[in-house]
Every structure is written in C-alpha cells, then in structure tokens.
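Beneath this line is the structure, given in structure tokens, with notes to follow.
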Amino acid sequence: MPEPLILVHGGAGLVPAESRELHAEGCANAAKVGGAVLNSGGSALDAVCAAVESLEDNPIYNSGTGCALTYDGGVSLDSSVMCGKTHRAGGVACLGPFRNPVRIAQCLLEEETILLAGVEAERWAEAKGFERLQEDDLIVPSAAKAWKRVVQEGGACNWAGGTVGAVARDSDGDLAAATSTGGTMGKLPGRVGDSPLIGVGTYADEICAVSATGNGEAFMRAVFAARVADRIRRGEEPSGAIQNVLNRIEREFQGNGGAIVVPKEGDFSAVKNTTTMSYGWWSPEDSGADC
Ligand code: ASP
C-alpha cells in the first residue's frame, strides 16, 4: 500500500524574516487539513482542494482572501486542479471575487471544458451555486498597501509571491495537484499567469503531481510542470528534475521560483531558487513545515 502524503506551498519569493514562522504555520495547518481528508480514506483530489481552500482563506497568502491586485486595484484570481488518475483538469482565470477559486476549478472537472476565464467563468460559477462577493471582501490592508506602493508610488510592478498550491498521493496511490493565486501585484487587468494553466503551474498524472510558483511568464515560456513531469517519467529524481527546469528558467528567461512534487512512490520534493518558499507536509508518520 502506498503511504498517503500531502505537501503544500505558500509561494516562492522573499518572505521577511519576521513573517517566516507565520507562513510556515499556515502551510502546516493546510497540510493537516488535507491530511485529515487522506487519513479518512479520501482521495488525493479532495485532499489538495481542501488544503488549497485553507490557504486561500488565510490572508497572509496571495490567493482568495489576501490576493494581489491588478493595476486598476481589482481582484483577478487564477486557479487550477488536476487529477492524476483520470487526467481530468479544471481551471479558472481572471476570476472576480470568489472566496475559493480552487473549488470552482474542481467543479470544472465534471465538464469537458478545462479552462474558463473572466465574466463567463463568473457566470458559470454563480450558476453552480458559488457566491460572488464584493472585491473588498477579499482585499486585506497589507495587499492594499503593497498595491499603493507599486502602482501609485511607482515601485517595481513585479511578482508578489504568496501563491499557494498542494500535491498529494492517496492510499490507492492516486495523485493530484492544485494551485491558486492572485497573480502579480499591479498586473495588467486581463493578465493570466501560469497557475491556472495545466502543464505549466499545475500537473498530475500516474507518475507525479506538480504545483509551481514563480514568475508566471518565465514558467509559461518553459512549460514548467510538464517538463518536470517528463523528466521524472524518464527516471530523474524529482528534486533534480525541478532543479534542472528552474535552472533553465533562470538561465534562459531570467525568472525564478519553486515547485513541489509528490511522486507515486517515495518522499516529496520542495525545491526553489528564491530566498524563501514556505511549505508544509503531512503523512501518517510525519508532519512539519518550513519557510
Ligand atoms: N506564478 C504566479 C503568477 O505569475 C505568481 C507566483 O507564483 O507568485 O501569477
């Protein structure tokens, strides 16, 4: 019997030293939430969605509550989910204020369509019973302050960090991955990052599950998650596979970030080429977190 395992991340980037414990703690809690699903015989798919939901609800991360804002000061959320067993996937992009985009992406797994964007995605979500909130319901003071610094005071309009994700293996050995983000602070309205794209920010098959975080445009240029999964399929160690593709992103596209992987057998990998990446894990034997 494969050992159930879940690993979550709270984004690569630079978390200030005084906040690192809090970031690790949020990841530990989310891993426990996903772990409880696995422990009661739930699927990897349900576990990653529950864990990401917990991270989306935590205002310190850039997803759901606490998300980064567009240049106009608006909310535009990206998320995706993939089930390794069925290869079914769902994603939402440029979604307005919904509390848990990952649950909308999960709901899309029942449809033939994989990726929905913008107002049509919102309409579809509302028809499925998800509540559209006011933007202010998801905007927290620290995000508003960072937006002001970037957009109104001319600070660098760049990567916010704090994207969240989860990868898991259940007791049947099935794998799943999910990722959710508000994207980059001050992004162009309508901009879609790597996180809702299957094979870039999120990927799962019967060999491994991958969730990425980093400069979305560089990750798209490298088709990140699919490249990592291909390397693992060809026999490379997961941590080496992540490192190799991150190296290429840095070398060729001047981007950086990190990723988490759970393979069909054996331990997880969390690799970054940034200063920090918060992550937390749970298995029946062991749990913990770091940043
Ligand atoms: N990859 C995300 C994006 O570009 C940002 C991040 O991971 O921090 O939208």
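FYI, nothing fancy with the structure tokens labels: chains A, B, ... in order, residues from 1 per chain, ligands from 1 as they appear.
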**OP:** Write out as a list in words all residues of stretch 35-163 of chain A that backbone DSSP assigns to strand (DSSP E or B).
**Re:**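 Strand (DSSP E or B) members of stretch 35-163 of chain A, listed: Thr70, Leu77, Asp78, Ser79, Ser80, Val81, Met82, Cys83, Ala89, Gly90, Gly91, Val92, Ala93, Cys94, Leu95, Phe98, Leu115, Leu116, Ala117 and Arg132 of chain A.
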Go ahead and save the picked residues with C-alpha atoms, as a tab-separated table (two decimals), in the first residue's frame.
chain	number	residue	atom	x	y	z
A	70	THR	CA	-4.49	44.40	-10.68
A	77	LEU	CA	-7.93	35.22	-9.49
A	78	ASP	CA	-6.32	32.22	-11.23
A	79	SER	CA	-6.56	28.60	-10.08
A	80	SER	CA	-6.38	25.06	-11.40
A	81	VAL	CA	-6.74	21.45	-10.30
A	82	MET	CA	-5.68	18.18	-11.93
A	83	CYS	CA	-6.48	14.57	-11.05
A	89	ALA	CA	-8.49	19.01	-15.04
A	90	GLY	CA	-10.20	22.31	-14.35
A	91	GLY	CA	-9.01	25.90	-14.27
A	92	VAL	CA	-10.33	29.41	-13.85
A	93	ALA	CA	-8.57	32.59	-14.91
A	94	CYS	CA	-9.27	36.31	-14.39
A	95	LEU	CA	-12.00	35.38	-11.95
A	98	PHE	CA	-14.98	34.42	-5.18
A	115	LEU	CA	-10.35	26.39	-18.59
A	116	LEU	CA	-12.90	29.19	-18.12
A	117	ALA	CA	-11.98	32.87	-17.92
A	132	ARG	CA	-19.74	36.22	-5.98
Subject >> Test item: residues lying within 8 Å of ligand 1 with only C-alpha atoms and all ligand atoms, as a list in words >> reply: Gly11, Ala12, Gly13, Asn62, Asp78, Trp159, Ala160, Gly161, Gly162, Thr163, Val164, Thr181, Gly182, Gly183, Thr184, Val192, Gly193, Asp194, Ser195, Gly201, Ala212, Thr213, Gly214, Asn215, Gly216, Glu217, Phe219 and Gly257 of chain A
Original post:
When distances are computed from only C-alpha atoms, which of A:Gly129, A:Gly288, A:Gly66, A:Pro16 shows the smallest separation from A:Cys107?
Top reply: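 Answer, going by the shortest atom-to-atom distance: A:Gly129.
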**OP:** Measuring atom to atom with only C-alpha atoms, identify which of A:Val140, A:Leu133, A:Val37, A:Ala125 is nearest to A:Ile60.
**Re:**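 Using only C-alpha atoms, A:Ile60 sits closest to A:Val140.
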Please return as a CSV table (one decimal) with C-alpha atoms, in the first residue's frame: the residues of stretch 104-240 of chain A that backbone DSSP assigns to alpha helix (DSSP H).
chain,number,residue,atom,x,y,z
A,104,ILE,CA,-14.7,26.4,-8.8
A,105,ALA,CA,-11.7,24.8,-10.7
A,106,GLN,CA,-12.5,21.5,-9.0
A,107,CYS,CA,-16.2,21.7,-10.1
A,118,GLY,CA,-13.4,36.2,-17.0
A,119,VAL,CA,-17.0,37.2,-16.7
A,120,GLU,CA,-18.2,33.9,-18.3
A,121,ALA,CA,-16.3,32.0,-15.7
A,122,GLU,CA,-18.0,34.1,-13.0
A,123,ARG,CA,-21.4,33.4,-14.6
A,124,TRP,CA,-20.7,29.7,-14.7
A,125,ALA,CA,-19.6,29.6,-11.1
A,126,GLU,CA,-22.7,31.5,-9.9
A,127,ALA,CA,-24.9,29.1,-11.9
A,135,GLU,CA,-13.9,42.9,-4.1
A,136,ASP,CA,-13.5,44.5,-0.7
A,137,ASP,CA,-14.3,41.1,0.9
A,138,LEU,CA,-11.0,39.7,-0.3
A,141,PRO,CA,-4.9,46.1,4.3
A,142,SER,CA,-1.4,44.6,3.5
A,143,ALA,CA,-2.4,44.0,-0.1
A,144,ALA,CA,-3.9,47.4,-0.5
A,145,LYS,CA,-0.7,48.9,0.9
A,146,ALA,CA,1.5,46.9,-1.4
A,147,TRP,CA,-0.7,47.9,-4.4
A,216,GLY,CA,4.5,33.2,-14.4
A,217,GLU,CA,5.7,34.4,-17.8
A,218,ALA,CA,9.0,32.6,-17.4
A,219,PHE,CA,7.3,29.5,-16.2
A,220,MET,CA,5.0,29.6,-19.3
A,221,ARG,CA,7.9,30.0,-21.6
A,222,ALA,CA,9.4,26.9,-20.1
A,224,PHE,CA,7.3,24.2,-16.4
A,225,ALA,CA,5.2,21.5,-14.8
A,226,ALA,CA,5.0,19.3,-17.9
A,227,ARG,CA,8.8,19.5,-18.3
A,228,VAL,CA,9.3,18.5,-14.7
A,229,ALA,CA,6.9,15.6,-15.0
A,230,ASP,CA,8.5,14.4,-18.3
A,231,ARG,CA,11.9,14.3,-16.6
A,232,ILE,CA,10.5,12.3,-13.7
A,233,ARG,CA,8.8,9.9,-16.1
A,238,PRO,CA,12.0,14.6,-8.6
A,239,SER,CA,14.2,17.2,-6.8
A,240,GLY,CA,16.8,17.1,-9.6
